[in-house]
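Structure, as C-alpha cells:
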Amino acid sequence: MQRQRGFTLIEMVITVAIIGILASLAWLAYESQSAKGRRSDAAVALTNGRQALIAFRSDNGAYPADAATAMAALRSYLVTAPNTPPADCKDERGYQVPGGGGVISCQSYYNITVTAANANSFTLTATPTITTGDECTTLTLDHLGVRGSTPTNLANRCWAQ
C-alpha cells in the first residue's frame, strides 16, 4: 500500500487561523503607528500656532482679544507661506492656510482652531479632518504650553511621539 502525501484539512485550517491571527496583530500595530504619525502632524501645527500667537503678543502687547482675531493672527503670522503644498511643509515648519481660509496641519489630517481667546490667554484645538477610530479625538495646546486631549485622561499618551 502506497502512502499518500499532503496536508489534512485540520492542518490547513490551523495554518490559516495562525496566519489570520498574525495578520490581525500586524494590522493593529500598523494602525497604532499611523495614528501616532497623524497626531504628530497635529502637535507640530499646534506648537507652531502657539509660537505665532506668542509672536502676536510680542508685537501687540497682548494675545488676540477673541477667537476670530486669533485665527486671523494665525493666518498672518504663518510660519510657512500661504497655500504651501504638504510636500513643502514636511520639515515641521508649521501649518497651512488653504485658499478658502481656516488653518490645517501640514499633512491636512487636522483642522486647527482657536477655541478660547482673550488678551491674556488662548487655547488651540486640533480636530481630525477624517474619522480614523483613533482614541485621541482632539488635541489642545494653550498659551502656557499645557497639552490636552479628548478624552482628557489620555493627554500624555495622545501627545507622546
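Going through the C-alpha cells in order, the chains are called A, B, and so on, while each chain numbers its residues from 1 and the ligands are numbered from 1 in the order shown.
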Skipping near chain neighbours, those fewer than 3 positions away, what residues fall within 8 Å of A:Ala43 using only C-alpha atoms, listed as a PDB file with N, CA, C and O atoms, in the first residue's frame?
ATOM      1  N   ARG A  39      -1.111  62.204  14.721  1.00  0.00           N
ATOM      2  CA  ARG A  39      -1.093  63.089  15.900  1.00  0.00           C
ATOM      3  C   ARG A  39       0.163  63.949  15.911  1.00  0.00           C
ATOM      4  O   ARG A  39       0.131  65.095  16.381  1.00  0.00           O
ATOM      5  N   SER A  40       1.250  63.437  15.405  1.00  0.00           N
ATOM      6  CA  SER A  40       2.477  64.229  15.307  1.00  0.00           C
ATOM      7  C   SER A  40       2.263  65.436  14.401  1.00  0.00           C
ATOM      8  O   SER A  40       2.752  66.534  14.682  1.00  0.00           O
ATOM      9  N   LEU A  46      -0.007  72.668  16.162  1.00  0.00           N
ATOM     10  CA  LEU A  46      -0.389  73.378  17.388  1.00  0.00           C
ATOM     11  C   LEU A  46       0.800  74.135  17.984  1.00  0.00           C
ATOM     12  O   LEU A  46       0.659  75.283  18.423  1.00  0.00           O
ATOM     13  N   THR A  47       1.950  73.505  18.010  1.00  0.00           N
ATOM     14  CA  THR A  47       3.143  74.149  18.565  1.00  0.00           C
ATOM     15  C   THR A  47       3.508  75.399  17.763  1.00  0.00           C
ATOM     16  O   THR A  47       3.811  76.451  18.332  1.00  0.00           O
ATOM     17  N   LEU A 139      -6.723  67.272  20.045  1.00  0.00           N
ATOM     18  CA  LEU A 139      -5.561  67.694  20.832  1.00  0.00           C
ATOM     19  C   LEU A 139      -5.697  69.188  21.086  1.00  0.00           C
ATOM     20  O   LEU A 139      -6.178  69.920  20.221  1.00  0.00           O
ATOM     21  N   TRP A 159      -0.201  62.835  23.246  1.00  0.00           N
ATOM     22  CA  TRP A 159       0.883  63.723  22.841  1.00  0.00           C
ATOM     23  C   TRP A 159       2.225  62.998  22.715  1.00  0.00           C
ATOM     24  O   TRP A 159       3.198  63.579  22.245  1.00  0.00           O
TER      25      TRP A 159
END
Every residue of stretch 15-133 of chain A that DSSP places in strand (DSSP E or B), as JSON, numbers by chain: {"A": [95, 96, 104, 105, 110, 111, 112, 113, 114, 115, 116, 117, 118, 121, 122, 123, 124, 125, 126, 127, 128]}
Residue nearest A:Leu74 - candidates A:Ser58, A:Gln51, A:Asn120, A:Ser32, atoms counted: only C-alpha atoms: A:Gln51
Selected residue, from A:Leu144, A:Ala42, A:Ala68, A:Val13, that lies nearest to A:Ile104 when counting only C-alpha atoms: A:Ala42
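Of the residues under consideration (A:Ala35, A:Leu124, A:Ile14, A:Ala29), A:Ala35 shows the shortest atom-to-atom contact distance to A:Cys158 when counting only C-alpha atoms.
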Dump as a Markdown table the rows for residues of stretch 43-138 of chain A within 7 Å of stretch 148-154 of chain A: closest atom pair and distance in Å with one decimal, only C-alpha atoms counted, ordered by chain and rising residue number.
| residue | atom | partner | partner_atom | distance |
| --- | --- | --- | --- | --- |
| A:Cys136 | CA | A:Thr150 | CA | 5.8 |
| A:Thr137 | CA | A:Thr150 | CA | 5.5 |
| A:Thr138 | CA | A:Thr150 | CA | 5.2 |
Long-range neighbours of A:Ala117 as an NGL selection string, 8 Å cut-off, only C-alpha atoms, 6 positions minimum in chain: :A and (63-67 or 70 or 123)
Between atom CA of A:Gln4 and atom CA of A:Ile19 - distance in Å to one decimal: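 Taking atom CA of A:Ile19 as the start and atom CA of A:Gln4 as the end point, the length is 25.7 Å.
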Residues of stretch 2-152 of chain A in alpha helix (DSSP H), written as a VMD selection string: chain A and resid 9 to 60 67 to 76
Residues as selected, C-alpha atoms, written as a compact mmCIF listing (two decimals), in the first residue's frame, can you do that?
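The result, written out as result_28.txt:
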# COMPACT_ATOMS: atom_id res chain seq x y z
CA LEU A 9 -7.97 19.62 6.32
CA ILE A 10 -7.30 20.21 10.02
CA GLU A 11 -3.67 21.15 9.33
CA MET A 12 -4.80 23.65 6.68
CA VAL A 13 -7.41 25.21 8.99
CA ILE A 14 -4.87 25.59 11.80
CA THR A 15 -2.36 27.18 9.40
CA VAL A 16 -4.93 29.64 8.06
CA ALA A 17 -6.01 30.52 11.62
CA ILE A 18 -2.42 31.22 12.69
CA ILE A 19 -1.84 33.41 9.62
CA GLY A 20 -5.06 35.30 10.40
CA ILE A 21 -4.02 35.96 13.98
CA LEU A 22 -0.57 37.19 12.92
CA ALA A 23 -2.10 39.43 10.24
CA SER A 24 -4.53 40.99 12.72
CA LEU A 25 -1.69 41.73 15.16
CA ALA A 26 0.35 43.31 12.37
CA TRP A 27 -2.65 45.41 11.31
CA LEU A 28 -3.19 46.69 14.86
CA ALA A 29 0.47 47.69 15.14
CA TYR A 30 0.27 49.45 11.77
CA GLU A 31 -2.87 51.37 12.76
CA SER A 32 -1.28 52.42 16.06
CA GLN A 33 1.80 53.80 14.31
CA SER A 34 -0.34 55.56 11.69
CA ALA A 35 -2.33 57.26 14.44
CA LYS A 36 0.89 58.42 16.12
CA GLY A 37 2.06 59.89 12.83
CA ARG A 38 -1.20 61.75 12.33
CA ARG A 39 -1.09 63.09 15.90
CA SER A 40 2.48 64.23 15.31
CA ASP A 41 1.17 66.33 12.42
CA ALA A 42 -1.30 67.98 14.81
CA ALA A 43 1.34 68.51 17.50
CA VAL A 44 3.61 70.34 15.06
CA ALA A 45 0.76 72.55 13.84
CA LEU A 46 -0.39 73.38 17.39
CA THR A 47 3.14 74.15 18.56
CA ASN A 48 3.77 76.45 15.61
CA GLY A 49 0.35 78.06 16.07
CA ARG A 50 1.24 78.76 19.68
CA GLN A 51 4.52 80.34 18.54
CA ALA A 52 2.60 82.52 16.07
CA LEU A 53 0.24 83.78 18.80
CA ILE A 54 3.17 84.42 21.13
CA ALA A 55 4.76 86.46 18.33
CA PHE A 56 1.47 88.37 18.01
CA ARG A 57 1.61 89.14 21.74
CA SER A 58 5.21 90.24 21.42
CA ASP A 59 4.26 92.68 18.65
CA ASN A 60 0.96 93.92 20.16
CA ALA A 67 -11.12 83.63 18.65
CA ALA A 68 -11.76 85.33 15.29
CA THR A 69 -8.86 87.73 15.77
CA ALA A 70 -6.66 84.86 16.93
CA MET A 71 -7.49 82.88 13.76
CA ALA A 72 -6.60 85.94 11.68
CA ALA A 73 -3.32 86.18 13.60
CA LEU A 74 -2.58 82.52 12.89
CA ARG A 75 -3.06 83.18 9.19
CA SER A 76 -0.95 86.35 9.17
Atom-to-atom span, atom CA of A:Val103 and atom CA of A:Thr125, Å: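 A separation of 10.8 Å between them.
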Atom pair atom CA of A:Asp142 / atom CA of A:Phe122: separation (Å):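 Distance between the two atoms: 5.6 Å.
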